[in-house]
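Take a look at the structure below.
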Amino acid sequence: MTQTAQVELTDARRAYRLLAAWWEGNARDLPWRFGRTTPWGILVSEVMSQQTQMSRVVPYWVEWMRAWPTPEALAAASGAEVITAWGRLGYPRRALRLQACAKTVVEEYGGKLPQDYETLLTLPGVGDYTASAVVSFAYGKRIAVIDTNIRRVLGRVFAGKESRGGAASADERTLAQRALPEDDAESVVWNQSVMELGATVCAAKSPACEECPLNGICAFLAAGRPGLGERRTRPRQRFKGTDRQVRGLILAALRELPPGGSLPISRLDSLWPDQAQLGACLASLDEDGLVEIHQGGSVSLPE
Ligand code: SF4
């Protein structure tokens, strides 16, 4: 940690008070917030929000939790139901991992989501971010939650510089620990409000500093926003023509089938002109467990 960042951490209390007041009036009313769901519901929201904007997640989360409110319910669903309900959220392997997580919670923890970080980390599909988010947001315990939004905001406010892409650095982890309020309840508000500020105000490319509650203490703003967005700016990922698009087309066709239905593989041919790419994508979906290819040449969502 640099000397500069240490000195500026004396502003952490002030930053907390400013952010807590801002959170009161500005937090988005997402259905998994403010004590309206279970720890399991919070885990589901976190898995769905990885790589997908929260606003897009809301209708999927609502429907998902209506269908499968508990790990037991999700564990008992078929693979086809789970993949169909995941719809167009993208990266559908997350759906199967979430179901694998539900099965582990049922089989090893009696259907109750573990509360401690280390045990959460052992669950399928749960990494550092998701485990910390559940400890903080679902169980209200003090833990530093580190995602790209939090890294960006803390790096700007306290160290006056942009966060690098890639994995969190040791300095960023130290900064997140040092800035975290000691009190459990305050630490939760801190994590949520820093993350929310990063998602809605302190954006990577064009932060709205004029309406930011931290604009009086932000080292990055005071320094003239040096190198704004440079390190985080990545070329927009191409989607058209990618295997992701082709895999999505195949899954969309299979979701249209009635429960238990299958399609002759030849019926997929019209989905995509490049038949080699189509075949490779079908094979990769099979490898990922997202489809089942049957003897006789038909394909379906998994049982
Ligand atoms: S003042 Fe600007 S750069 Fe600093 S935290 Fe607020 S939005 Fe981000």
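Just remember, in the structure tokens the first chain shown is A, the second B, etc., residues are 1-based per chain, and ligands are 1-based in the order shown.
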Name all residues at most 12 Å from A:Leu96 (count only C-alpha atoms; drop same-chain ones fewer than 2 positions away) and give them as a tab-separated table (two decimals) with all heavy atoms, in the first residue's frame.
chain	number	residue	atom	x	y	z
A	47	VAL	N	-25.25	-15.31	-8.82
A	47	VAL	CA	-24.82	-16.15	-9.94
A	47	VAL	C	-25.40	-15.59	-11.25
A	47	VAL	O	-24.72	-15.49	-12.26
A	47	VAL	CB	-25.24	-17.62	-9.74
A	47	VAL	CG1	-24.95	-18.45	-10.98
A	47	VAL	CG2	-24.50	-18.21	-8.54
A	48	MET	N	-26.68	-15.19	-11.21
A	48	MET	CA	-27.29	-14.64	-12.43
A	48	MET	C	-26.64	-13.33	-12.85
A	48	MET	O	-26.58	-13.01	-14.03
A	48	MET	CB	-28.79	-14.42	-12.21
A	48	MET	CG	-29.59	-15.70	-12.19
A	48	MET	SD	-31.37	-15.33	-12.10
A	48	MET	CE	-32.05	-16.95	-12.48
A	74	LEU	N	-34.81	-26.76	-6.63
A	74	LEU	CA	-33.97	-26.68	-7.82
A	74	LEU	C	-33.27	-28.01	-8.07
A	74	LEU	O	-33.14	-28.45	-9.23
A	74	LEU	CB	-32.94	-25.55	-7.67
A	74	LEU	CG	-32.02	-25.34	-8.87
A	74	LEU	CD1	-32.81	-25.01	-10.13
A	74	LEU	CD2	-31.01	-24.23	-8.59
A	75	ALA	N	-32.84	-28.66	-7.00
A	75	ALA	CA	-32.14	-29.94	-7.16
A	75	ALA	C	-33.04	-30.97	-7.83
A	75	ALA	O	-32.56	-31.85	-8.55
A	75	ALA	CB	-31.67	-30.44	-5.79
A	77	ALA	N	-35.36	-30.38	-10.11
A	77	ALA	CA	-35.78	-30.01	-11.47
A	77	ALA	C	-34.98	-30.80	-12.51
A	77	ALA	O	-33.90	-31.31	-12.22
A	77	ALA	CB	-35.58	-28.51	-11.69
A	78	SER	N	-35.52	-30.89	-13.73
A	78	SER	CA	-34.75	-31.55	-14.79
A	78	SER	C	-33.78	-30.54	-15.39
A	78	SER	O	-33.98	-29.31	-15.30
A	78	SER	CB	-35.69	-32.06	-15.89
A	78	SER	OG	-36.20	-30.98	-16.64
A	79	GLY	N	-32.72	-31.06	-16.03
A	79	GLY	CA	-31.78	-30.18	-16.71
A	79	GLY	C	-32.47	-29.33	-17.77
A	79	GLY	O	-32.17	-28.15	-17.94
A	80	ALA	N	-33.43	-29.94	-18.47
A	80	ALA	CA	-34.15	-29.22	-19.53
A	80	ALA	C	-34.92	-28.03	-18.95
A	80	ALA	O	-34.91	-26.93	-19.51
A	80	ALA	CB	-35.11	-30.17	-20.24
A	81	GLU	N	-35.58	-28.25	-17.80
A	81	GLU	CA	-36.34	-27.14	-17.19
A	81	GLU	C	-35.41	-25.99	-16.79
A	81	GLU	O	-35.72	-24.82	-16.99
A	81	GLU	CB	-37.07	-27.65	-15.94
A	81	GLU	CG	-38.24	-28.55	-16.23
A	81	GLU	CD	-38.81	-29.16	-14.94
A	81	GLU	OE1	-38.02	-29.65	-14.10
A	81	GLU	OE2	-40.02	-29.15	-14.80
A	82	VAL	N	-34.27	-26.37	-16.24
A	82	VAL	CA	-33.33	-25.37	-15.74
A	82	VAL	C	-32.76	-24.56	-16.91
A	82	VAL	O	-32.69	-23.32	-16.86
A	82	VAL	CB	-32.21	-26.08	-14.93
A	82	VAL	CG1	-31.03	-25.18	-14.71
A	82	VAL	CG2	-32.77	-26.60	-13.62
A	83	ILE	N	-32.37	-25.23	-17.97
A	83	ILE	CA	-31.79	-24.53	-19.12
A	83	ILE	C	-32.85	-23.68	-19.81
A	83	ILE	O	-32.59	-22.57	-20.27
A	83	ILE	CB	-31.16	-25.55	-20.10
A	83	ILE	CG1	-29.96	-26.21	-19.42
A	83	ILE	CG2	-30.74	-24.88	-21.40
A	83	ILE	CD1	-29.47	-27.45	-20.13
A	84	THR	N	-34.06	-24.18	-19.86
A	84	THR	CA	-35.14	-23.39	-20.47
A	84	THR	C	-35.42	-22.13	-19.65
A	84	THR	O	-35.55	-21.03	-20.20
A	84	THR	CB	-36.42	-24.24	-20.59
A	84	THR	OG1	-36.12	-25.38	-21.41
A	84	THR	CG2	-37.56	-23.46	-21.23
A	85	ALA	N	-35.46	-22.27	-18.33
A	85	ALA	CA	-35.75	-21.10	-17.49
A	85	ALA	C	-34.61	-20.09	-17.53
A	85	ALA	O	-34.83	-18.89	-17.34
A	85	ALA	CB	-36.00	-21.55	-16.05
A	86	TRP	N	-33.40	-20.55	-17.77
A	86	TRP	CA	-32.26	-19.62	-17.85
A	86	TRP	C	-32.43	-18.69	-19.05
A	86	TRP	O	-31.94	-17.56	-19.05
A	86	TRP	CB	-30.95	-20.41	-17.97
A	86	TRP	CG	-29.74	-19.62	-17.65
A	86	TRP	CD1	-28.86	-19.07	-18.53
A	86	TRP	CD2	-29.24	-19.29	-16.35
A	86	TRP	NE1	-27.85	-18.42	-17.88
A	86	TRP	CE2	-28.07	-18.54	-16.52
A	86	TRP	CE3	-29.69	-19.55	-15.05
A	86	TRP	CZ2	-27.33	-18.04	-15.44
A	86	TRP	CZ3	-28.96	-19.06	-13.98
A	86	TRP	CH2	-27.81	-18.32	-14.19
A	91	TYR	N	-24.39	-17.44	-21.15
A	91	TYR	CA	-23.48	-18.34	-20.43
A	91	TYR	C	-24.28	-19.40	-19.66
A	91	TYR	O	-24.25	-19.47	-18.42
A	91	TYR	CB	-22.57	-17.55	-19.48
A	91	TYR	CG	-21.74	-16.53	-20.22
A	91	TYR	CD1	-22.11	-15.19	-20.25
A	91	TYR	CD2	-20.60	-16.92	-20.92
A	91	TYR	CE1	-21.36	-14.25	-20.95
A	91	TYR	CE2	-19.85	-15.99	-21.63
A	91	TYR	CZ	-20.23	-14.66	-21.63
A	91	TYR	OH	-19.49	-13.75	-22.33
A	92	PRO	N	-25.02	-20.28	-20.39
A	92	PRO	CA	-25.97	-21.18	-19.72
A	92	PRO	C	-25.32	-22.25	-18.85
A	92	PRO	O	-26.01	-22.89	-18.06
A	92	PRO	CB	-26.73	-21.82	-20.89
A	92	PRO	CG	-25.82	-21.68	-22.06
A	92	PRO	CD	-25.06	-20.41	-21.85
A	93	ARG	N	-23.99	-22.41	-18.96
A	93	ARG	CA	-23.36	-23.36	-18.03
A	93	ARG	C	-23.58	-22.94	-16.59
A	93	ARG	O	-23.57	-23.75	-15.67
A	93	ARG	CB	-21.86	-23.48	-18.32
A	93	ARG	CG	-21.55	-24.56	-19.35
A	93	ARG	CD	-20.09	-24.58	-19.68
A	93	ARG	NE	-19.71	-23.40	-20.45
A	93	ARG	CZ	-18.49	-23.19	-20.95
A	93	ARG	NH1	-17.54	-24.07	-20.74
A	93	ARG	NH2	-18.24	-22.11	-21.64
A	94	ARG	N	-23.78	-21.63	-16.40
A	94	ARG	CA	-24.05	-21.14	-15.03
A	94	ARG	C	-25.30	-21.80	-14.46
A	94	ARG	O	-25.39	-22.04	-13.26
A	94	ARG	CB	-24.23	-19.62	-15.04
A	94	ARG	CG	-22.97	-18.86	-15.32
A	94	ARG	CD	-23.21	-17.37	-15.24
A	94	ARG	NE	-24.11	-16.88	-16.28
A	94	ARG	CZ	-24.67	-15.68	-16.29
A	94	ARG	NH1	-24.47	-14.84	-15.30
A	94	ARG	NH2	-25.46	-15.31	-17.28
A	98	LEU	N	-25.39	-23.85	-11.07
A	98	LEU	CA	-26.27	-23.45	-9.96
A	98	LEU	C	-27.08	-24.65	-9.47
A	98	LEU	O	-27.27	-24.85	-8.27
A	98	LEU	CB	-27.19	-22.33	-10.44
A	98	LEU	CG	-28.08	-21.65	-9.40
A	98	LEU	CD1	-27.29	-21.11	-8.22
A	98	LEU	CD2	-28.87	-20.50	-10.06
A	99	GLN	N	-27.52	-25.47	-10.42
A	99	GLN	CA	-28.27	-26.65	-10.00
A	99	GLN	C	-27.34	-27.64	-9.28
A	99	GLN	O	-27.73	-28.26	-8.27
A	99	GLN	CB	-28.93	-27.34	-11.20
A	99	GLN	CG	-29.89	-28.42	-10.72
A	99	GLN	CD	-30.51	-29.21	-11.85
A	99	GLN	OE1	-29.88	-29.43	-12.88
A	99	GLN	NE2	-31.74	-29.64	-11.64
A	100	ALA	N	-26.09	-27.78	-9.76
A	100	ALA	CA	-25.14	-28.65	-9.06
A	100	ALA	C	-24.89	-28.13	-7.64
A	100	ALA	O	-24.78	-28.90	-6.68
A	100	ALA	CB	-23.83	-28.70	-9.84
A	101	CYS	N	-24.85	-26.82	-7.51
A	101	CYS	CA	-24.68	-26.20	-6.19
A	101	CYS	C	-25.86	-26.56	-5.29
A	101	CYS	O	-25.69	-26.95	-4.13
A	101	CYS	CB	-24.56	-24.68	-6.36
A	101	CYS	SG	-24.42	-23.77	-4.83
A	102	ALA	N	-27.08	-26.45	-5.84
A	102	ALA	CA	-28.28	-26.79	-5.07
A	102	ALA	C	-28.22	-28.25	-4.60
A	102	ALA	O	-28.54	-28.56	-3.44
A	102	ALA	CB	-29.53	-26.56	-5.92
A	103	LYS	N	-27.78	-29.13	-5.49
A	103	LYS	CA	-27.71	-30.55	-5.11
A	103	LYS	C	-26.71	-30.76	-3.98
A	103	LYS	O	-26.96	-31.52	-3.04
A	103	LYS	CB	-27.32	-31.40	-6.33
A	103	LYS	CG	-28.47	-31.52	-7.33
A	103	LYS	CD	-28.07	-32.32	-8.56
A	103	LYS	CE	-29.28	-32.45	-9.50
A	103	LYS	NZ	-28.92	-32.95	-10.83
A	124	PRO	N	-20.12	-25.88	-6.00
A	124	PRO	CA	-19.96	-25.72	-7.45
A	124	PRO	C	-20.36	-24.32	-7.90
A	124	PRO	O	-21.40	-23.80	-7.50
A	124	PRO	CB	-20.94	-26.76	-8.02
A	124	PRO	CG	-21.11	-27.77	-6.94
A	124	PRO	CD	-20.99	-27.02	-5.65
A	125	GLY	N	-19.51	-23.72	-8.72
A	125	GLY	CA	-19.83	-22.41	-9.31
A	125	GLY	C	-19.66	-21.23	-8.38
A	125	GLY	O	-19.98	-20.10	-8.75
A	285	LEU	N	-21.75	-28.19	-26.75
A	285	LEU	CA	-22.91	-28.15	-25.84
A	285	LEU	C	-23.09	-29.52	-25.18
A	285	LEU	O	-23.42	-29.61	-23.99
A	285	LEU	CB	-24.18	-27.78	-26.61
A	285	LEU	CG	-24.32	-26.31	-27.03
A	285	LEU	CD1	-25.49	-26.15	-27.99
A	285	LEU	CD2	-24.52	-25.40	-25.82
A	288	ASP	N	-20.54	-29.93	-22.49
A	288	ASP	CA	-20.87	-29.12	-21.31
A	288	ASP	C	-22.10	-29.63	-20.57
A	288	ASP	O	-22.49	-29.07	-19.55
A	288	ASP	CB	-21.14	-27.66	-21.72
A	288	ASP	CG	-19.86	-26.97	-22.15
A	288	ASP	OD1	-18.78	-27.47	-21.84
A	288	ASP	OD2	-19.98	-25.91	-22.82
A	289	GLY	N	-22.74	-30.67	-21.10
A	289	GLY	CA	-23.93	-31.21	-20.44
A	289	GLY	C	-25.18	-30.39	-20.69
A	289	GLY	O	-26.19	-30.55	-20.00
A	290	LEU	N	-25.11	-29.47	-21.67
A	290	LEU	CA	-26.27	-28.60	-21.91
A	290	LEU	C	-27.26	-29.23	-22.90
A	290	LEU	O	-28.40	-28.77	-23.00
A	290	LEU	CB	-25.80	-27.24	-22.44
A	290	LEU	CG	-25.10	-26.38	-21.37
A	290	LEU	CD1	-24.29	-25.28	-22.02
A	290	LEU	CD2	-26.13	-25.79	-20.42
A	291	VAL	N	-26.82	-30.22	-23.66
A	291	VAL	CA	-27.74	-30.97	-24.53
A	291	VAL	C	-27.39	-32.45	-24.41
A	291	VAL	O	-26.32	-32.82	-23.93
A	291	VAL	CB	-27.64	-30.55	-26.02
A	291	VAL	CG1	-27.89	-29.07	-26.20
A	291	VAL	CG2	-26.31	-30.95	-26.63
A	301	LEU	N	-32.69	-31.23	-24.83
A	301	LEU	CA	-32.12	-30.70	-23.59
A	301	LEU	C	-31.95	-31.88	-22.64
A	301	LEU	O	-32.65	-32.90	-22.78
A	301	LEU	CB	-33.06	-29.65	-22.99
A	301	LEU	CG	-33.18	-28.34	-23.82
A	301	LEU	CD1	-34.25	-27.44	-23.24
A	301	LEU	CD2	-31.84	-27.61	-23.89
A	302	PRO	N	-31.07	-31.79	-21.64
A	302	PRO	CA	-30.81	-32.94	-20.76
A	302	PRO	C	-32.00	-33.24	-19.84
A	302	PRO	O	-32.82	-32.37	-19.56
A	302	PRO	CB	-29.59	-32.50	-19.94
A	302	PRO	CG	-29.57	-31.02	-20.03
A	302	PRO	CD	-30.22	-30.64	-21.32
A	303	GLU	N	-32.05	-34.49	-19.41
A	303	GLU	CA	-33.12	-34.92	-18.47
A	303	GLU	C	-33.00	-34.17	-17.16
A	303	GLU	O	-31.92	-33.94	-16.66
A	303	GLU	CB	-32.98	-36.42	-18.20
A	303	GLU	CG	-33.45	-37.26	-19.37
A	303	GLU	CD	-34.93	-37.04	-19.70
A	303	GLU	OE1	-35.75	-37.24	-18.78
A	303	GLU	OE2	-35.24	-36.68	-20.83
Worksheet item: Please, which residues have at least one atom within 9 Å of an atom of ligand 1, using only C-alpha atoms and all ligand atoms, listed as a count of residues only?
Response: 33
In stretch 2-245 of chain A, DSSP alpha helix (DSSP H) residues written as a tab-separated table (two decimals) with C-alpha atoms, in the first residue's frame:
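Saved file out-v2.tsv follows:
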chain	number	residue	atom	x	y	z
A	3	GLN	CA	1.82	6.19	1.59
A	4	THR	CA	-0.73	8.21	-0.38
A	5	ALA	CA	-3.39	5.54	-0.10
A	6	GLN	CA	-2.74	5.18	3.66
A	7	VAL	CA	-3.14	8.89	4.27
A	8	GLU	CA	-6.28	9.03	2.21
A	12	ALA	CA	-12.83	6.21	5.02
A	13	ARG	CA	-15.23	7.16	7.80
A	14	ARG	CA	-16.32	10.24	5.93
A	15	ALA	CA	-16.75	8.22	2.78
A	16	TYR	CA	-18.88	5.72	4.68
A	17	ARG	CA	-21.20	8.39	6.03
A	18	LEU	CA	-21.60	10.01	2.62
A	19	LEU	CA	-22.24	6.70	0.90
A	20	ALA	CA	-24.65	5.40	3.54
A	21	ALA	CA	-26.78	8.53	3.13
A	22	TRP	CA	-26.63	8.19	-0.65
A	23	TRP	CA	-27.57	4.49	-0.45
A	24	GLU	CA	-30.68	5.37	1.59
A	25	GLY	CA	-32.05	7.50	-1.21
A	26	ASN	CA	-30.59	5.90	-4.32
A	39	PRO	CA	-29.75	-16.50	1.57
A	40	TRP	CA	-30.37	-18.94	-1.28
A	41	GLY	CA	-32.24	-16.25	-3.22
A	42	ILE	CA	-29.27	-13.94	-2.79
A	43	LEU	CA	-26.88	-16.58	-4.07
A	44	VAL	CA	-29.12	-17.10	-7.11
A	45	SER	CA	-29.10	-13.34	-7.79
A	46	GLU	CA	-25.31	-13.23	-7.56
A	47	VAL	CA	-24.82	-16.15	-9.94
A	48	MET	CA	-27.29	-14.64	-12.43
A	49	SER	CA	-25.61	-11.23	-12.20
A	54	MET	CA	-28.71	-6.65	-12.90
A	55	SER	CA	-31.62	-4.93	-14.63
A	56	ARG	CA	-31.79	-7.81	-17.14
A	57	VAL	CA	-31.60	-10.36	-14.37
A	58	VAL	CA	-34.70	-9.21	-12.45
A	59	PRO	CA	-37.49	-10.95	-14.47
A	60	TYR	CA	-35.45	-14.17	-14.72
A	61	TRP	CA	-34.71	-14.15	-10.99
A	62	VAL	CA	-38.37	-13.55	-10.10
A	63	GLU	CA	-39.57	-16.41	-12.29
A	64	TRP	CA	-36.76	-18.72	-11.18
A	65	MET	CA	-37.43	-18.16	-7.48
A	66	ARG	CA	-41.15	-18.66	-8.05
A	67	ALA	CA	-40.45	-22.03	-9.69
A	71	PRO	CA	-32.16	-25.65	-3.09
A	72	GLU	CA	-34.37	-28.75	-2.71
A	73	ALA	CA	-36.75	-27.54	-5.39
A	74	LEU	CA	-33.97	-26.68	-7.82
A	75	ALA	CA	-32.14	-29.94	-7.16
A	76	ALA	CA	-35.28	-31.86	-8.16
A	79	GLY	CA	-31.78	-30.18	-16.71
A	80	ALA	CA	-34.15	-29.22	-19.53
A	81	GLU	CA	-36.34	-27.14	-17.19
A	82	VAL	CA	-33.33	-25.37	-15.74
A	83	ILE	CA	-31.79	-24.53	-19.12
A	84	THR	CA	-35.14	-23.39	-20.47
A	85	ALA	CA	-35.75	-21.10	-17.49
A	86	TRP	CA	-32.26	-19.62	-17.85
A	93	ARG	CA	-23.36	-23.36	-18.03
A	94	ARG	CA	-24.05	-21.14	-15.03
A	95	ALA	CA	-27.54	-22.66	-14.86
A	96	LEU	CA	-26.20	-26.19	-14.57
A	97	ARG	CA	-23.58	-25.13	-12.04
A	98	LEU	CA	-26.27	-23.45	-9.96
A	99	GLN	CA	-28.27	-26.65	-10.00
A	100	ALA	CA	-25.14	-28.65	-9.06
A	101	CYS	CA	-24.68	-26.20	-6.19
A	102	ALA	CA	-28.28	-26.79	-5.07
A	103	LYS	CA	-27.71	-30.55	-5.11
A	104	THR	CA	-24.57	-30.21	-2.98
A	105	VAL	CA	-26.38	-27.94	-0.51
A	106	VAL	CA	-29.17	-30.54	-0.22
A	107	GLU	CA	-26.92	-33.59	-0.02
A	108	GLU	CA	-24.19	-32.23	2.22
A	109	TYR	CA	-25.76	-29.40	4.21
A	117	TYR	CA	-16.66	-18.17	3.35
A	118	GLU	CA	-14.43	-21.25	3.18
A	119	THR	CA	-17.34	-23.70	2.97
A	120	LEU	CA	-19.17	-21.55	0.42
A	121	LEU	CA	-16.05	-21.60	-1.75
A	128	ASP	CA	-14.27	-15.64	-4.18
A	129	TYR	CA	-16.68	-12.90	-5.21
A	130	THR	CA	-19.88	-14.94	-4.82
A	131	ALA	CA	-18.79	-16.45	-1.49
A	132	SER	CA	-17.98	-12.99	-0.06
A	133	ALA	CA	-21.18	-11.49	-1.44
A	148	THR	CA	-14.66	-4.76	-10.63
A	149	ASN	CA	-17.04	-1.98	-9.55
A	150	ILE	CA	-15.70	-1.92	-5.99
A	151	ARG	CA	-12.09	-2.03	-7.19
A	152	ARG	CA	-12.71	0.86	-9.57
A	153	VAL	CA	-14.42	3.07	-6.97
A	154	LEU	CA	-11.92	2.39	-4.17
A	170	ALA	CA	-2.62	-7.48	-3.47
A	171	ASP	CA	-2.76	-3.67	-3.08
A	172	GLU	CA	-6.42	-3.63	-4.11
A	173	ARG	CA	-7.26	-6.36	-1.60
A	174	THR	CA	-5.42	-4.49	1.15
A	175	LEU	CA	-7.23	-1.29	0.26
A	176	ALA	CA	-10.61	-3.04	0.33
A	177	GLN	CA	-9.82	-4.51	3.77
A	178	ARG	CA	-8.64	-1.19	5.19
A	179	ALA	CA	-11.59	0.81	3.91
A	184	ASP	CA	-20.91	-5.82	10.65
A	185	ALA	CA	-24.00	-3.85	9.62
A	186	GLU	CA	-21.96	-0.90	8.38
A	187	SER	CA	-19.70	-3.21	6.39
A	188	VAL	CA	-22.73	-4.57	4.53
A	189	VAL	CA	-23.99	-1.08	3.68
A	190	TRP	CA	-20.47	-0.17	2.59
A	191	ASN	CA	-20.10	-3.14	0.26
A	192	GLN	CA	-23.51	-2.63	-1.28
A	193	SER	CA	-23.22	1.12	-1.67
A	194	VAL	CA	-19.68	1.12	-3.11
A	195	MET	CA	-20.77	-1.54	-5.60
A	196	GLU	CA	-23.95	0.38	-6.45
A	197	LEU	CA	-22.02	3.61	-6.92
A	198	GLY	CA	-19.71	1.82	-9.35
A	199	ALA	CA	-22.67	0.36	-11.24
A	200	THR	CA	-24.69	3.55	-11.52
A	219	ALA	CA	-8.46	11.63	-5.09
A	220	PHE	CA	-9.00	10.69	-8.73
A	221	LEU	CA	-11.29	13.65	-9.36
A	222	ALA	CA	-8.93	15.97	-7.47
A	243	ASP	CA	-19.68	-19.91	-31.20
A	244	ARG	CA	-21.64	-18.21	-28.40
A	245	GLN	CA	-24.19	-17.07	-30.95
Worksheet item: Separation of atom CA of A:Arg247 and atom CA of A:Gly166, in Å?
Response: 26.3 Å
Discussion item. Rounded to one decimal, what separation in Å do you get between atom CA of A:Ile265 and atom CA of A:Leu251?
Written reply: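 Result for atom CA of A:Ile265 versus atom CA of A:Leu251: 12.5 Å, one decimal.
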